[in-house]
Structure formats: structure tokens, C-alpha cells
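Okay, structure.pdb now, which holds PDB, C-alpha atoms:
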ATOM      1  CA  MET B  17      -0.061 -16.225   9.140
ATOM      2  CA  ARG B  18       1.550 -14.653   6.095
ATOM      3  CA  PHE B  19       4.705 -15.919   4.449
ATOM      4  CA  PHE B  20       6.459 -13.690   1.949
ATOM      5  CA  GLY B  21       9.881 -13.368   0.432
ATOM      6  CA  ASN B  22      12.254 -15.323  -1.779
ATOM      7  CA  ILE B  23      15.044 -17.054   0.068
ATOM      8  CA  GLU B  24      17.830 -19.106  -1.492
ATOM      9  CA  ALA B  25      19.165 -22.194   0.268
ATOM     10  CA  LYS B  26      20.965 -25.472  -0.408
ATOM     11  CA  THR B  27      20.205 -29.044   0.522
ATOM     12  CA  ASP B  28      22.857 -31.278   1.984
ATOM     13  CA  ALA B  29      23.652 -34.751   0.630
ATOM     14  CA  LYS B  30      20.771 -36.269   2.643
ATOM     15  CA  GLY B  31      18.178 -33.753   1.409
ATOM     16  CA  ARG B  32      18.134 -31.676   4.581
ATOM     17  CA  VAL B  33      17.637 -27.944   4.313
ATOM     18  CA  PHE B  34      17.245 -25.169   6.862
ATOM     19  CA  LEU B  35      13.744 -23.747   6.823
ATOM     20  CA  PRO B  36      14.371 -19.989   6.594
ATOM     21  CA  SER B  37      14.221 -18.376  10.019
ATOM     22  CA  VAL B  38      11.642 -15.818   8.922
ATOM     23  CA  PHE B  39       9.277 -18.699   8.070
ATOM     24  CA  ARG B  40      10.118 -20.607  11.272
ATOM     25  CA  LYS B  41       9.323 -17.504  13.339
ATOM     26  CA  GLU B  42       5.977 -17.095  11.585
ATOM     27  CA  LEU B  43       5.112 -20.753  12.254
ATOM     28  CA  MET B  44       6.115 -20.500  15.916
ATOM     29  CA  ALA B  45       4.093 -17.297  16.388
ATOM     30  CA  ALA B  46       1.043 -19.126  14.999
ATOM     31  CA  GLY B  47       1.660 -22.178  17.207
ATOM     32  CA  GLU B  48       2.234 -24.443  14.198
ATOM     33  CA  GLU B  49       4.632 -27.331  14.717
ATOM     34  CA  ARG B  50       4.054 -29.504  11.673
ATOM     35  CA  LEU B  51       3.979 -28.902   7.950
ATOM     36  CA  VAL B  52       2.298 -30.879   5.217
ATOM     37  CA  MET B  53       4.177 -31.174   1.929
ATOM     38  CA  ARG B  54       3.016 -32.227  -1.496
ATOM     39  CA  LYS B  55       3.995 -31.557  -5.071
ATOM     40  CA  ASP B  56       2.074 -28.646  -6.529
ATOM     41  CA  ILE B  57      -0.839 -29.617  -8.768
ATOM     42  CA  HIS B  58       0.085 -27.168 -11.541
ATOM     43  CA  GLN B  59       3.848 -26.567 -11.387
ATOM     44  CA  ALA B  60       7.100 -28.442 -10.792
ATOM     45  CA  CYS B  61       7.519 -27.262  -7.211
ATOM     46  CA  LEU B  62       6.794 -28.475  -3.693
ATOM     47  CA  VAL B  63       4.270 -26.778  -1.418
ATOM     48  CA  LEU B  64       4.534 -26.598   2.370
ATOM     49  CA  TYR B  65       1.264 -26.044   4.211
ATOM     50  CA  PRO B  66       1.112 -25.334   7.934
ATOM     51  CA  GLU B  67      -1.034 -28.151   9.311
ATOM     52  CA  SER B  68      -4.019 -25.865  10.031
ATOM     53  CA  VAL B  69      -3.933 -24.460   6.469
ATOM     54  CA  TRP B  70      -3.715 -27.972   5.034
ATOM     55  CA  ASN B  71      -6.734 -29.040   7.091
ATOM     56  CA  LYS B  72      -8.758 -26.094   5.742
ATOM     57  CA  GLN B  73      -7.733 -26.951   2.181
ATOM     58  CA  LEU B  74      -8.679 -30.584   2.667
ATOM     59  CA  ASP B  75     -12.015 -29.629   4.249
ATOM     60  CA  ALA B  76     -12.763 -27.318   1.293
ATOM     61  CA  LEU B  77     -11.957 -30.100  -1.169
ATOM     62  CA  ASN B  78     -14.054 -32.657   0.711
ATOM     63  CA  ALA B  79     -16.984 -30.221   0.837
ATOM     64  CA  ASN B  80     -17.032 -30.279  -2.966
ATOM     65  CA  LEU B  81     -16.677 -34.047  -3.353
ATOM     66  CA  ASN B  82     -19.267 -36.805  -3.146
ATOM     67  CA  SER B  83     -17.704 -39.931  -1.625
ATOM     68  CA  TRP B  84     -20.186 -42.059  -3.589
ATOM     69  CA  ASN B  85     -18.957 -40.686  -6.930
ATOM     70  CA  ALA B  86     -16.096 -42.736  -8.391
ATOM     71  CA  THR B  87     -14.453 -39.755 -10.108
ATOM     72  CA  HIS B  88     -14.635 -37.690  -6.929
ATOM     73  CA  LYS B  89     -13.104 -40.554  -4.966
ATOM     74  CA  GLN B  90     -10.259 -40.725  -7.488
ATOM     75  CA  ILE B  91      -9.696 -36.955  -7.229
ATOM     76  CA  LEU B  92      -9.332 -37.254  -3.457
ATOM     77  CA  ARG B  93      -7.094 -40.303  -3.786
ATOM     78  CA  GLN B  94      -4.828 -38.567  -6.273
ATOM     79  CA  PHE B  95      -4.747 -35.334  -4.244
ATOM     80  CA  MET B  96      -3.712 -37.256  -1.127
ATOM     81  CA  THR B  97      -1.091 -39.344  -2.927
ATOM     82  CA  GLY B  98       2.351 -38.131  -2.103
ATOM     83  CA  VAL B  99       1.383 -36.083   0.941
ATOM     84  CA  GLU B 100       4.102 -36.016   3.570
ATOM     85  CA  MET B 101       3.958 -34.719   7.154
ATOM     86  CA  LEU B 102       7.143 -32.838   8.091
ATOM     87  CA  ALA B 103       8.553 -31.174  11.176
ATOM     88  CA  THR B 104      11.797 -29.298  11.641
ATOM     89  CA  ASP B 105      14.502 -30.909  13.733
ATOM     90  CA  GLY B 106      16.147 -29.188  16.699
ATOM     91  CA  SER B 107      18.355 -27.204  14.323
ATOM     92  CA  GLY B 108      15.460 -25.939  12.189
ATOM     93  CA  ARG B 109      16.102 -28.311   9.289
ATOM     94  CA  LEU B 110      13.574 -30.168   7.160
ATOM     95  CA  LEU B 111      14.310 -33.510   5.551
ATOM     96  CA  LEU B 112      13.042 -33.443   1.981
ATOM     97  CA  PRO B 113      12.794 -37.014   0.701
ATOM     98  CA  ARG B 114      14.710 -37.675  -2.521
ATOM     99  CA  ARG B 115      11.532 -38.613  -4.475
ATOM    100  CA  TYR B 116      10.111 -35.126  -3.810
ATOM    101  CA  LEU B 117      13.326 -33.403  -4.794
ATOM    102  CA  ASP B 118      13.242 -35.378  -8.037
ATOM    103  CA  LEU B 119       9.572 -34.424  -8.676
ATOM    104  CA  ALA B 120      10.534 -30.747  -8.436
ATOM    105  CA  ALA B 121      13.817 -31.142 -10.394
ATOM    106  CA  ILE B 122      15.759 -29.906  -7.367
ATOM    107  CA  LYS B 123      19.437 -30.795  -7.322
ATOM    108  CA  GLN B 124      21.017 -28.818  -4.481
ATOM    109  CA  ASN B 125      19.990 -25.182  -4.852
ATOM    110  CA  ILE B 126      16.538 -24.306  -3.548
ATOM    111  CA  LEU B 127      14.374 -21.229  -3.711
ATOM    112  CA  PHE B 128      11.820 -20.819  -0.910
ATOM    113  CA  LYS B 129       8.923 -18.547  -1.918
ATOM    114  CA  GLY B 130       6.455 -17.278   0.647
ATOM    115  CA  LEU B 131       2.981 -17.291  -0.904
ATOM    116  CA  GLY B 132       0.681 -16.000   1.801
ATOM    117  CA  ASP B 133      -0.390 -19.000   3.842
ATOM    118  CA  THR B 134       1.890 -21.507   2.074
ATOM    119  CA  ILE B 135       5.575 -21.825   1.194
ATOM    120  CA  GLU B 136       6.749 -23.084  -2.175
ATOM    121  CA  ILE B 137      10.075 -24.841  -2.722
ATOM    122  CA  TRP B 138      11.521 -24.477  -6.202
ATOM    123  CA  SER B 139      14.529 -25.389  -8.243
ATOM    124  CA  PRO B 140      15.721 -21.907  -9.302
ATOM    125  CA  GLU B 141      15.858 -23.074 -12.922
ATOM    126  CA  GLU B 142      12.262 -24.362 -12.864
ATOM    127  CA  GLU B 143      10.962 -21.217 -11.165
ATOM    128  CA  GLU B 144      12.571 -19.050 -13.818
ATOM    129  CA  LYS B 145      10.779 -21.018 -16.579
ATOM    130  CA  VAL B 146       7.283 -20.275 -15.245
ATOM    131  CA  MET B 147       7.643 -16.572 -14.483
ATOM    132  CA  LEU B 148       5.734 -14.200 -16.763
ATOM    133  CA  SER B 149       7.533 -11.448 -18.622
ATOM    134  CA  PRO B 150       7.067  -8.018 -17.012
ATOM    135  CA  GLU B 151       4.630  -7.051 -19.802
ATOM    136  CA  ALA B 152       2.581 -10.256 -19.490
ATOM    137  CA  PHE B 153       2.510  -9.910 -15.695
ATOM    138  CA  SER B 154       1.324  -6.315 -15.953
ATOM    139  CA  ALA B 155      -1.487  -7.277 -18.362
ATOM    140  CA  ALA B 156      -2.502 -10.310 -16.267
ATOM    141  CA  ILE B 157      -2.670  -8.418 -12.966
ATOM    142  CA  GLU B 158      -4.566  -5.585 -14.613
ATOM    143  CA  ALA B 159      -7.132  -8.091 -15.909
ATOM    144  CA  VAL B 160      -7.434  -9.816 -12.533
ATOM    145  CA  MET B 161      -7.768  -6.583 -10.583
ATOM    146  CA  GLY B 162     -10.466  -5.059 -12.745
ATOM    147  CA  GLY B 163      -9.004  -3.815 -15.973
ATOM    148  CA  THR B 164      -8.240  -0.233 -16.768
ATOM    149  CA  PRO B 165      -8.280   2.440 -14.079
ATOM    150  CA  ASN B 166     -11.359   4.657 -13.862
ATOM    151  CA  ALA B 167     -11.179   8.358 -14.748
ATOM    152  CA  SER B 168     -10.683   9.472 -11.126
ATOM    153  CA  GLN B 169      -7.526   7.372 -10.850
ATOM    154  CA  VAL B 170      -5.857   8.617 -14.025
ATOM    155  CA  GLY B 171      -2.920  10.904 -13.285
ATOM    156  CA  GLU B 172      -2.734  10.090  -9.544
TER     157      GLU B 172
END
As C-alpha cells, how would this structure be written, given the file I've shared?
Amino acid sequence: MRFFGNIEAKTDAKGRVFLPSVFRKELMAAGEERLVMRKDIHQACLVLYPESVWNKQLDALNANLNSWNATHKQILRQFMTGVEMLATDGSGRLLLPRRYLDLAAIKQNILFKGLGDTIEIWSPEEEEKVMLSPEAFSAAIEAVMGGTPNASQVGE
């Protein structure tokens, strides 16, 4: 399952929003019916995990935690705080509770971002604040992907 794309949407007065059809189709093709939502750990956005992806994430976290360690127990407790199980209604809408919209500074306009196996939900203003400049992005991706090209790649 791979989500990609940036899709603009709007919430209604009750916090309902249509999950973009391209994402709904991907979920249906994978046999996923439910999504898990939580606020992102690092940024002011919400993250939607298909239930199977969430379970893998939680298993990976638990594999690194010792339930007899107080700090580890607190990490798990804090990670699980604010987790919400969601499903689309018959019209393909999600209900985003007001407290989550407030956590992500979302008023009415929403930006859905497909990020591989998860979907982020942003306030367009907040998303703009965290994006790297083109130069910084270029330098960062070059560093992540192995630095400068080797001699055989130069001029290709």
C-alpha cells in the first residue's frame, strides 16, 4: 500500500472531511477498513495509519520497550495517548474530532499528504512552515542518499 500526492480539502462545521478517493481506493484494494489517527510526534499535523500499518508500528515500538522499566512504560503511555480509531462513513467521510483539529491548527482548509504507508493531515499554513527551501532540501537529500555522485555518474 502506497499513498502519494497532495490533496486539498475542507472540513464542514462538524469536522467531517471526505477522505480523498485515491486514498480510499488504495485502502479498499488492501482490504483495510479502519484507520488509526494520532498527532504526529514531531510536527503539528495528524497522521492516519491503516490499521495493519499501525499494528506493525506498535509491535516495533513494543519490541524496543521493557514493560518493567518506568520510563519505557511512560513512553508507551504517551505514545498511545490521543490515539483514535476512525472509519469512513457511507459517503467516504471521516469525522475529525475538534481536539485533533486544534492540535494541528486546522481551521477549515486541509492538506492531505500521502507519505508511503501513512497519510498526513495538515493545516496548509503549518505545512508551509516546515518545508525546507529548495537548496536545503537538495543538500539534505544528497546527504541522506550518499553524498556526491561518483565519477561514473558525472555528466549522465
message: Neighbouring residues of range 26-36 of chain B were defined as those with any atom within 7 Å, considering only C-alpha atoms; residues of the same chain fewer than 4 positions away were excluded. Please report them as number ranges by chain.
response: B: 40, 108-114, 124-126
message: Selection in question (the file shown): the PyMOL selection byres ((chain B and resi 56) around 12). Which residues does it include, as a ChimeraX atom specification?
response: /B:52-55,57-65,95-99,116,119-120,134-138
field: Nearest residue to Asn22 in chain B from the set B:Val38, B:Leu81, B:Asp105, B:Glu158 (distances using all atoms listed in the file)
entry: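 Comparing B:Val38, B:Leu81, B:Asp105, B:Glu158 against Asn22 in chain B, the winner is B:Val38.
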- prompt: Between CA of Arg50 in chain B and CA of Asp75 in chain B, what is the spacing in Å?
  reply: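 Atom-to-atom, CA of Asp75 in chain B and CA of Arg50 in chain B are spaced 17.7 Å apart.
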Which of B:Leu117, B:Met147, B:Leu43, B:Ala86 sits closest to Ser68 in chain B [using all atoms listed in the file]: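 Once distances to Ser68 in chain B are computed over all atoms listed in the file, the minimum belongs to B:Leu43.
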- prompt: Do you know which residues are at most 8 Å from Ile23 in chain B counting all atoms listed in the file, after dropping those on the same chain fewer than 6 positions away, and could you put them as a ChimeraX atom specification?
  reply: /B:36,127-129
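Closest approach to Val69 in chain B among B:Glu24, B:Phe39, B:Glu48, B:Ala156 is made by B:Glu48 (distances from only C-alpha atoms).
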If I only have part of range 85-107 of chain B, can you fill in N, CA and C atoms and write it as a CSV table (one decimal), in the coordinates of the input?
chain,number,residue,atom,x,y,z
B,85,ASN,N,-19.3,-40.9,-5.5
B,85,ASN,CA,-19.0,-40.7,-6.9
B,85,ASN,C,-17.5,-41.2,-7.2
B,86,ALA,N,-17.4,-42.1,-8.1
B,86,ALA,CA,-16.1,-42.7,-8.4
B,86,ALA,C,-15.0,-41.7,-8.8
B,87,THR,N,-15.4,-40.8,-9.7
B,87,THR,CA,-14.5,-39.8,-10.1
B,87,THR,C,-14.0,-38.9,-8.9
B,88,HIS,N,-15.0,-38.5,-8.1
B,88,HIS,CA,-14.6,-37.7,-6.9
B,88,HIS,C,-13.7,-38.4,-6.0
B,89,LYS,N,-14.0,-39.7,-5.8
B,89,LYS,CA,-13.1,-40.6,-5.0
B,89,LYS,C,-11.7,-40.6,-5.5
B,90,GLN,N,-11.6,-40.7,-6.9
B,90,GLN,CA,-10.3,-40.7,-7.5
B,90,GLN,C,-9.5,-39.4,-7.3
B,91,ILE,N,-10.3,-38.3,-7.4
B,91,ILE,CA,-9.7,-37.0,-7.2
B,91,ILE,C,-9.1,-36.9,-5.8
B,92,LEU,N,-9.8,-37.3,-4.8
B,92,LEU,CA,-9.3,-37.3,-3.5
B,92,LEU,C,-8.1,-38.2,-3.3
B,93,ARG,N,-8.2,-39.3,-3.9
B,93,ARG,CA,-7.1,-40.3,-3.8
B,93,ARG,C,-5.8,-39.7,-4.4
B,94,GLN,N,-6.0,-39.1,-5.6
B,94,GLN,CA,-4.8,-38.6,-6.3
B,94,GLN,C,-4.3,-37.3,-5.5
B,95,PHE,N,-5.2,-36.5,-5.0
B,95,PHE,CA,-4.7,-35.3,-4.2
B,95,PHE,C,-4.0,-35.7,-3.0
B,96,MET,N,-4.4,-36.8,-2.4
B,96,MET,CA,-3.7,-37.3,-1.1
B,96,MET,C,-2.5,-38.1,-1.4
B,97,THR,N,-2.3,-38.6,-2.6
B,97,THR,CA,-1.1,-39.3,-2.9
B,97,THR,C,0.1,-38.4,-2.9
B,98,GLY,N,1.1,-38.9,-2.2
B,98,GLY,CA,2.4,-38.1,-2.1
B,98,GLY,C,2.3,-37.0,-1.1
B,99,VAL,N,1.4,-37.1,-0.1
B,99,VAL,CA,1.4,-36.1,0.9
B,99,VAL,C,2.3,-36.6,2.0
B,100,GLU,N,3.1,-35.7,2.6
B,100,GLU,CA,4.1,-36.0,3.6
B,100,GLU,C,4.0,-35.0,4.7
B,101,MET,N,4.0,-35.6,6.0
B,101,MET,CA,4.0,-34.7,7.2
B,101,MET,C,5.4,-34.5,7.5
B,102,LEU,N,5.8,-33.2,7.8
B,102,LEU,CA,7.1,-32.8,8.1
B,102,LEU,C,7.2,-32.0,9.4
B,103,ALA,N,8.3,-32.1,10.0
B,103,ALA,CA,8.6,-31.2,11.2
B,103,ALA,C,10.0,-30.8,11.1
B,104,THR,N,10.4,-29.7,11.6
B,104,THR,CA,11.8,-29.3,11.6
B,104,THR,C,12.5,-30.0,12.8
B,105,ASP,N,13.7,-30.3,12.6
B,105,ASP,CA,14.5,-30.9,13.7
B,105,ASP,C,14.9,-29.8,14.7
B,106,GLY,N,15.7,-30.1,15.7
B,106,GLY,CA,16.1,-29.2,16.7
B,106,GLY,C,17.0,-28.1,16.1
B,107,SER,N,17.5,-28.2,15.0
B,107,SER,CA,18.4,-27.2,14.3
B,107,SER,C,17.6,-26.4,13.3
